[in-house]
>>> print(open('work-v2.pdb').read())   # PDB, C-alpha atoms
ATOM      1  CA  MET A   1      25.258   6.111   0.803
ATOM      2  CA  THR A   2      22.686   4.959   3.338
ATOM      3  CA  LYS A   3      23.924   3.448   6.574
ATOM      4  CA  LEU A   4      22.240   0.116   7.248
ATOM      5  CA  ASN A   5      21.332  -1.234  10.664
ATOM      6  CA  ILE A   6      20.220  -4.826  10.161
ATOM      7  CA  PHE A   7      19.472  -7.266  12.957
ATOM      8  CA  ILE A   8      19.342 -10.992  12.155
ATOM      9  CA  GLU A   9      18.032 -13.615  14.552
ATOM     10  CA  ASN A  10      17.546 -17.345  14.135
ATOM     11  CA  THR A  11      14.776 -18.529  16.471
ATOM     12  CA  TYR A  12      14.596 -21.947  14.778
ATOM     13  CA  GLN A  13      16.446 -24.004  17.384
ATOM     14  CA  ASN A  14      16.899 -27.108  15.193
ATOM     15  CA  TYR A  15      18.288 -25.299  12.165
ATOM     16  CA  GLU A  16      21.795 -23.968  12.146
ATOM     17  CA  ILE A  17      22.480 -21.056   9.860
ATOM     18  CA  ASP A  18      25.642 -19.006   9.698
ATOM     19  CA  GLU A  19      24.166 -15.690  10.831
ATOM     20  CA  VAL A  20      27.438 -13.795  10.297
ATOM     21  CA  SER A  21      27.701 -14.958   6.688
ATOM     22  CA  VAL A  22      24.015 -14.215   6.057
ATOM     23  CA  TYR A  23      24.423 -10.787   7.657
ATOM     24  CA  ASN A  24      27.392  -9.952   5.421
ATOM     25  CA  ASP A  25      25.504 -11.076   2.324
ATOM     26  CA  VAL A  26      22.336  -9.204   3.308
ATOM     27  CA  ILE A  27      24.397  -6.033   3.747
ATOM     28  CA  LYS A  28      25.646  -6.444   0.162
ATOM     29  CA  ILE A  29      22.105  -7.048  -1.123
ATOM     30  CA  ALA A  30      20.695  -4.112   0.828
ATOM     31  CA  ASP A  31      23.538  -1.816  -0.280
ATOM     32  CA  PHE A  32      22.729  -2.732  -3.874
ATOM     33  CA  ILE A  33      19.023  -2.008  -3.386
ATOM     34  CA  PHE A  34      19.546   1.227  -1.458
ATOM     35  CA  ASP A  35      22.074   2.495  -3.995
ATOM     36  CA  ASP A  36      19.488   2.202  -6.784
ATOM     37  CA  ALA A  37      18.197   5.788  -6.966
ATOM     38  CA  ASN A  38      15.541   4.871  -9.517
ATOM     39  CA  LEU A  39      14.165   2.136  -7.260
ATOM     40  CA  LEU A  40      14.227   4.340  -4.161
ATOM     41  CA  SER A  41      12.454   7.125  -6.023
ATOM     42  CA  LYS A  42       9.464   4.764  -6.344
ATOM     43  CA  SER A  43       9.638   3.519  -2.744
ATOM     44  CA  CYS A  44       8.175   4.707   0.538
ATOM     45  CA  LEU A  45      11.487   6.507   1.204
ATOM     46  CA  ALA A  46      11.207   8.795  -1.826
ATOM     47  CA  GLU A  47      10.233  12.007  -0.064
ATOM     48  CA  TYR A  48      12.238  11.583   3.124
ATOM     49  CA  THR A  49      15.645  12.636   4.383
ATOM     50  CA  TYR A  50      17.425  10.063   6.537
ATOM     51  CA  LYS A  51      20.897   8.814   7.383
ATOM     52  CA  THR A  52      20.179   5.262   8.494
ATOM     53  CA  VAL A  53      17.694   2.575   7.546
ATOM     54  CA  SER A  54      17.060  -0.336   9.866
ATOM     55  CA  PHE A  55      15.150  -3.596   9.657
ATOM     56  CA  ASP A  56      15.104  -7.026  11.252
ATOM     57  CA  ILE A  57      15.233 -10.480   9.734
ATOM     58  CA  VAL A  58      13.978 -13.350  11.880
ATOM     59  CA  PHE A  59      14.359 -16.986  10.851
ATOM     60  CA  VAL A  60      11.624 -19.354  12.024
ATOM     61  CA  ASN A  61      10.226 -22.807  11.259
ATOM     62  CA  ASN A  62       7.032 -23.656   9.371
ATOM     63  CA  GLU A  63       4.965 -23.961  12.541
ATOM     64  CA  GLU A  64       5.879 -20.463  13.720
ATOM     65  CA  ILE A  65       5.327 -18.783  10.362
ATOM     66  CA  GLN A  66       1.999 -20.606  10.000
ATOM     67  CA  ASN A  67       0.908 -19.198  13.393
ATOM     68  CA  ILE A  68       1.919 -15.694  12.308
ATOM     69  CA  ASN A  69       0.279 -16.113   8.904
ATOM     70  CA  ASN A  70      -2.944 -17.275  10.565
ATOM     71  CA  GLU A  71      -2.954 -14.505  13.165
ATOM     72  CA  TYR A  72      -2.147 -11.577  10.891
ATOM     73  CA  ARG A  73      -3.362 -12.705   7.469
ATOM     74  CA  ASN A  74      -6.070 -15.285   8.329
ATOM     75  CA  LYS A  75      -4.230 -17.869   6.252
ATOM     76  CA  ASP A  76      -3.727 -21.089   8.191
ATOM     77  CA  LYS A  77      -0.739 -22.401   6.277
ATOM     78  CA  PRO A  78       3.001 -21.868   6.275
ATOM     79  CA  THR A  79       4.494 -19.396   3.821
ATOM     80  CA  ASP A  80       8.066 -18.519   2.910
ATOM     81  CA  VAL A  81       8.136 -14.903   4.090
ATOM     82  CA  ILE A  82       5.995 -12.416   5.944
ATOM     83  CA  THR A  83       6.929  -8.771   6.179
ATOM     84  CA  PHE A  84       5.747  -6.207   8.645
ATOM     85  CA  ALA A  85       6.447  -2.989   6.762
ATOM     86  CA  ILE A  86       6.151  -0.561   9.673
ATOM     87  CA  PHE A  87       7.217   2.534   7.748
ATOM     88  CA  ALA A  88       5.664   1.797   4.342
ATOM     89  CA  ASP A  89       2.316   0.682   5.763
ATOM     90  CA  SER A  90       1.942   3.642   8.127
ATOM     91  CA  PRO A  91       0.000   6.735   7.111
ATOM     92  CA  GLU A  92       2.407   9.458   6.016
ATOM     93  CA  ASN A  93       1.679  11.551   9.120
ATOM     94  CA  GLU A  94       2.724   8.563  11.272
ATOM     95  CA  ARG A  95       6.017   7.794   9.536
ATOM     96  CA  TYR A  96       8.619   8.616  12.130
ATOM     97  CA  ILE A  97      12.289   9.331  11.602
ATOM     98  CA  LEU A  98      14.176   9.282  14.893
ATOM     99  CA  ASP A  99      17.677  10.758  14.937
ATOM    100  CA  GLY A 100      17.875  10.354  11.157
ATOM    101  CA  GLU A 101      16.955   6.654  11.278
ATOM    102  CA  ILE A 102      13.990   4.986   9.607
ATOM    103  CA  ASN A 103      12.868   1.603  10.928
ATOM    104  CA  LEU A 104      11.398  -0.165   7.921
ATOM    105  CA  GLY A 105      10.114  -3.146   9.886
ATOM    106  CA  GLU A 106      10.650  -6.883  10.023
ATOM    107  CA  ILE A 107      11.103  -9.758   7.605
ATOM    108  CA  ILE A 108      10.157 -13.201   8.927
ATOM    109  CA  VAL A 109      11.494 -16.146   6.915
ATOM    110  CA  SER A 110      10.617 -19.832   7.253
ATOM    111  CA  LEU A 111      13.798 -21.833   6.791
ATOM    112  CA  ASP A 112      11.678 -24.967   6.242
ATOM    113  CA  LYS A 113       9.893 -23.329   3.298
ATOM    114  CA  ILE A 114      13.168 -22.014   1.885
ATOM    115  CA  GLU A 115      14.572 -25.536   1.913
ATOM    116  CA  THR A 116      11.438 -26.986   0.270
ATOM    117  CA  GLN A 117      11.253 -24.258  -2.370
ATOM    118  CA  ALA A 118      14.952 -24.560  -3.154
ATOM    119  CA  ASP A 119      14.388 -28.258  -3.919
ATOM    120  CA  GLU A 120      11.225 -27.523  -5.938
ATOM    121  CA  ASN A 121      12.942 -24.758  -7.920
ATOM    122  CA  ASN A 122      16.131 -26.797  -8.370
ATOM    123  CA  VAL A 123      18.290 -24.045  -6.862
ATOM    124  CA  SER A 124      20.570 -23.919  -3.859
ATOM    125  CA  PHE A 125      19.278 -23.093  -0.389
ATOM    126  CA  ARG A 126      21.385 -19.938  -0.480
ATOM    127  CA  ASP A 127      19.916 -18.872  -3.838
ATOM    128  CA  GLU A 128      16.344 -19.281  -2.568
ATOM    129  CA  LEU A 129      17.135 -17.608   0.763
ATOM    130  CA  TYR A 130      18.538 -14.470  -0.838
ATOM    131  CA  TYR A 131      15.754 -14.363  -3.406
ATOM    132  CA  ILE A 132      13.202 -14.357  -0.568
ATOM    133  CA  ILE A 133      15.146 -11.879   1.591
ATOM    134  CA  SER A 134      15.350  -9.522  -1.411
ATOM    135  CA  HIS A 135      11.591  -9.967  -1.797
ATOM    136  CA  GLY A 136      11.110  -9.009   1.850
ATOM    137  CA  ILE A 137      13.280  -5.914   1.536
ATOM    138  CA  LEU A 138      11.240  -4.764  -1.462
ATOM    139  CA  HIS A 139       8.052  -5.228   0.571
ATOM    140  CA  LEU A 140       9.583  -3.145   3.378
ATOM    141  CA  LEU A 141      10.155  -0.410   0.809
ATOM    142  CA  GLY A 142       6.455  -0.463  -0.049
ATOM    143  CA  PHE A 143       6.509  -2.575  -3.202
ATOM    144  CA  ASP A 144       3.881  -5.231  -3.763
ATOM    145  CA  HIS A 145       2.842  -7.703  -6.443
ATOM    146  CA  GLN A 146      -0.902  -7.320  -6.860
ATOM    147  CA  THR A 147      -0.653  -6.987 -10.648
ATOM    148  CA  GLN A 148       1.432  -8.895 -13.176
ATOM    149  CA  GLU A 149       3.409  -5.733 -13.894
ATOM    150  CA  ASP A 150       4.197  -5.262 -10.197
ATOM    151  CA  TYR A 151       5.084  -8.940  -9.868
ATOM    152  CA  ASN A 152       7.473  -8.733 -12.821
ATOM    153  CA  PHE A 153       9.037  -5.577 -11.336
ATOM    154  CA  MET A 154       9.667  -7.330  -8.011
ATOM    155  CA  VAL A 155      11.035 -10.512  -9.577
ATOM    156  CA  GLU A 156      13.428  -8.516 -11.751
ATOM    157  CA  HIS A 157      14.770  -6.599  -8.737
ATOM    158  CA  GLN A 158      14.931  -9.708  -6.556
ATOM    159  CA  ASN A 159      16.992 -11.516  -9.167
ATOM    160  CA  ARG A 160      19.322  -8.561  -9.631
ATOM    161  CA  ALA A 161      19.781  -8.134  -5.865
ATOM    162  CA  LYS A 162      20.493 -11.785  -5.061
ATOM    163  CA  ALA A 163      22.960 -11.971  -7.967
ATOM    164  CA  ILE A 164      25.219  -9.635  -5.965
ATOM    165  CA  VAL A 165      26.106 -12.455  -3.558
ATOM    166  CA  LEU A 166      25.728 -15.567  -5.689
TER     167      LEU A 166
END
>>> encode(input="work-v2.pdb", output="structure tokens")
Amino acid sequence: MTKLNIFIENTYQNYEIDEVSVYNDVIKIADFIFDDANLLSKSCLAEYTYKTVSFDIVFVNNEEIQNINNEYRNKDKPTDVITFAIFADSPENERYILDGEINLGEIIVSLDKIETQADENNVSFRDELYYIISHGILHLLGFDHQTQEDYNFMVEHQNRAKAIVL
């Protein structure tokens, strides 16, 4: 079993979120994902030996995620999630494992977009939040959705992962 080191921060001053509850749920989601040997065999972790996997989740507002989206993706609009997949996006010769720990990167989530999408999708805020966090974790593992097949793969795993805590 992989040890998880997850840091969660809410930088959105006007939005209260129970970080302890979210942390506990994210641990359950991540445990589920990291215990799936078939999934991991297709991920950026497949050929590596490690004891610990770490990543950050940062909650922001629409304005902040729009700034990040514009700066890094040249898209001047808010989005629900942006991932910085440090390990997966690095060339293999630059993937570092320090003291048995792999830092996968960072997931940035707009709480404003989660709230809007939850309403649009007729689901709870919590349901949408964990769907998007699962999406971010899959991106950190190197998965993407450039084709319909890849999209379907991600959606299936997102739904399975979020179901662990709903």
>>> closest_residue(input="work-v2.pdb", among="A:Thr116, A:Ala163, A:Phe55, A:Thr2", to="Asp36 (chain A)", atoms="all atoms listed in the file")
A:Thr2
>>> resolve_selection(input="work-v2.pdb", expression="the PyMOL selection byres ((chain A and resi 52) around 10)", output="ChimeraX atom specification")
/A:1-5,49-51,53-54,97-103
>>> residues_around(input="work-v2.pdb", residues="Arg95 (chain A)", least_positions_apart="4", cutoff="10 Å", atoms="all atoms listed in the file", output="mmCIF file with C-alpha atoms, in the frame of the given file")
data_model
loop_
_atom_site.group_PDB
_atom_site.id
_atom_site.type_symbol
_atom_site.label_atom_id
_atom_site.label_comp_id
_atom_site.auth_asym_id
_atom_site.auth_seq_id
_atom_site.Cartn_x
_atom_site.Cartn_y
_atom_site.Cartn_z
ATOM 1 C CA CYS A 44 8.175 4.707 0.538
ATOM 2 C CA TYR A 48 12.238 11.583 3.124
ATOM 3 C CA ILE A 86 6.151 -0.561 9.673
ATOM 4 C CA PHE A 87 7.217 2.534 7.748
ATOM 5 C CA ALA A 88 5.664 1.797 4.342
ATOM 6 C CA ASP A 89 2.316 0.682 5.763
ATOM 7 C CA SER A 90 1.942 3.642 8.127
ATOM 8 C CA PRO A 91 0.000 6.735 7.111
ATOM 9 C CA ILE A 102 13.990 4.986 9.607
ATOM 10 C CA ASN A 103 12.868 1.603 10.928
ATOM 11 C CA LEU A 104 11.398 -0.165 7.921
#
>>> atom_distance(input="work-v2.pdb", atom1="CA of Ile57 (chain A)", atom2="CA of Thr83 (chain A)")
9.2 Å
>>> closest_residue(input="work-v2.pdb", among="A:Phe153, A:Tyr12, A:Tyr96, A:Phe32", to="Val109 (chain A)", atoms="all atoms listed in the file")
A:Tyr12
>>> closest_residue(input="work-v2.pdb", among="A:Ile133, A:Val22, A:Leu111, A:Ala161", to="Glu63 (chain A)", atoms="all atoms listed in the file")
A:Leu111
>>> atom_distance(input="work-v2.pdb", atom1="CA of Asp56 (chain A)", atom2="CA of Ile27 (chain A)")
12.0 Å
>>> residues_around(input="work-v2.pdb", residues="region 118-128 of chain A", least_positions_apart="3", cutoff="9 Å", atoms="only C-alpha atoms", output="list in words")
Lys113, Ile114, Glu115, Tyr131, Ile132, Ile133, Lys162, Ala163, Val165 and Leu166 of chain A
>>> resolve_selection(input="work-v2.pdb", expression="the PyMOL selection byres ((chain A and resi 14) around 12)", output="list in words")
Asn10, Thr11, Tyr12, Gln13, Tyr15, Glu16, Ile17, Phe59, Val60, Asn61, Asn62, Leu111 and Asp112 of chain A
>>> axis_aligned_box(input="work-v2.pdb", around="region 83-100 of chain A", padding_each_side="3 Å", output="AutoDock Vina command-line options")
--center_x 8.9 --center_y 1.4 --center_z 9.6 --size_x 23.9 --size_y 26.3 --size_z 16.6
>>> resolve_selection(input="work-v2.pdb", expression="the PyMOL selection byres ((chain A and resi 78) around 6)", output="JSON, numbers by chain")
{"A": [62, 65, 66, 77, 79]}
>>> closest_residue(input="work-v2.pdb", among="A:Asn159, A:Ser43, A:Asn38, A:Asn24", to="Gly142 (chain A)", atoms="all atoms listed in the file")
A:Ser43
>>> atom_distance(input="work-v2.pdb", atom1="CA of Ile8 (chain A)", atom2="CA of Val58 (chain A)")
5.9 Å
>>> closest_residue(input="work-v2.pdb", among="A:Ser134, A:Ser41, A:Asn67, A:Asn93", to="Met154 (chain A)", atoms="all atoms listed in the file")
A:Ser134
>>> closest_residue(input="work-v2.pdb", among="A:Gln158, A:Asn152, A:Asn69, A:Ser110", to="Leu138 (chain A)", atoms="only C-alpha atoms")
A:Gln158
>>> build_atoms(input="work-v2.pdb", residues="region 6-27 of chain A", atoms="N, CA, C and O atoms", output="tab-separated table (two decimals), in the coordinates of the input")
chain	number	residue	atom	x	y	z
A	6	ILE	N	21.00	-3.61	10.38
A	6	ILE	CA	20.22	-4.83	10.16
A	6	ILE	C	20.48	-5.79	11.31
A	6	ILE	O	21.62	-6.09	11.64
A	7	PHE	N	19.39	-6.29	11.88
A	7	PHE	CA	19.47	-7.27	12.96
A	7	PHE	C	18.95	-8.60	12.43
A	7	PHE	O	17.87	-8.65	11.86
A	8	ILE	N	19.74	-9.66	12.61
A	8	ILE	CA	19.34	-10.99	12.16
A	8	ILE	C	19.30	-11.93	13.35
A	8	ILE	O	20.25	-11.96	14.15
A	9	GLU	N	18.19	-12.67	13.45
A	9	GLU	CA	18.03	-13.62	14.55
A	9	GLU	C	17.47	-14.93	14.03
A	9	GLU	O	16.51	-14.94	13.26
A	10	ASN	N	18.06	-16.03	14.46
A	10	ASN	CA	17.55	-17.34	14.14
A	10	ASN	C	16.86	-17.91	15.37
A	10	ASN	O	17.51	-18.26	16.34
A	11	THR	N	15.53	-17.98	15.34
A	11	THR	CA	14.78	-18.53	16.47
A	11	THR	C	14.45	-20.01	16.26
A	11	THR	O	13.83	-20.63	17.11
A	12	TYR	N	14.84	-20.55	15.11
A	12	TYR	CA	14.60	-21.95	14.78
A	12	TYR	C	15.71	-22.78	15.41
A	12	TYR	O	16.79	-22.93	14.86
A	13	GLN	N	15.43	-23.33	16.57
A	13	GLN	CA	16.45	-24.00	17.38
A	13	GLN	C	17.10	-25.20	16.69
A	13	GLN	O	18.25	-25.51	16.95
A	14	ASN	N	16.37	-25.90	15.81
A	14	ASN	CA	16.90	-27.11	15.19
A	14	ASN	C	17.51	-26.87	13.82
A	14	ASN	O	17.76	-27.82	13.09
A	15	TYR	N	17.74	-25.61	13.48
A	15	TYR	CA	18.29	-25.30	12.16
A	15	TYR	C	19.44	-24.34	12.34
A	15	TYR	O	19.25	-23.20	12.75
A	16	GLU	N	20.62	-24.83	12.03
A	16	GLU	CA	21.80	-23.97	12.15
A	16	GLU	C	22.00	-23.20	10.85
A	16	GLU	O	21.96	-23.77	9.77
A	17	ILE	N	22.20	-21.91	11.01
A	17	ILE	CA	22.48	-21.06	9.86
A	17	ILE	C	23.60	-20.12	10.28
A	17	ILE	O	23.65	-19.67	11.43
A	18	ASP	N	24.51	-19.88	9.40
A	18	ASP	CA	25.64	-19.01	9.70
A	18	ASP	C	25.17	-17.55	9.63
A	18	ASP	O	25.17	-16.93	8.57
A	19	GLU	N	24.74	-17.03	10.77
A	19	GLU	CA	24.17	-15.69	10.83
A	19	GLU	C	25.16	-14.61	10.40
A	19	GLU	O	24.76	-13.61	9.80
A	20	VAL	N	26.43	-14.79	10.68
A	20	VAL	CA	27.44	-13.80	10.30
A	20	VAL	C	27.56	-13.74	8.77
A	20	VAL	O	27.56	-12.66	8.17
A	21	SER	N	27.62	-14.90	8.15
A	21	SER	CA	27.70	-14.96	6.69
A	21	SER	C	26.44	-14.38	6.05
A	21	SER	O	26.52	-13.60	5.10
A	22	VAL	N	25.28	-14.75	6.58
A	22	VAL	CA	24.02	-14.22	6.06
A	22	VAL	C	23.99	-12.70	6.24
A	22	VAL	O	23.61	-11.97	5.32
A	23	TYR	N	24.40	-12.24	7.40
A	23	TYR	CA	24.42	-10.79	7.66
A	23	TYR	C	25.29	-10.07	6.61
A	23	TYR	O	24.87	-9.08	6.03
A	24	ASN	N	26.49	-10.59	6.39
A	24	ASN	CA	27.39	-9.95	5.42
A	24	ASN	C	26.79	-9.94	4.01
A	24	ASN	O	26.92	-8.95	3.29
A	25	ASP	N	26.14	-11.02	3.64
A	25	ASP	CA	25.50	-11.08	2.32
A	25	ASP	C	24.30	-10.14	2.24
A	25	ASP	O	24.08	-9.48	1.22
A	26	VAL	N	23.51	-10.09	3.30
A	26	VAL	CA	22.34	-9.20	3.31
A	26	VAL	C	22.77	-7.75	3.22
A	26	VAL	O	22.13	-6.94	2.55
A	27	ILE	N	23.87	-7.40	3.86
A	27	ILE	CA	24.40	-6.03	3.75
A	27	ILE	C	24.71	-5.72	2.28
A	27	ILE	O	24.37	-4.64	1.78
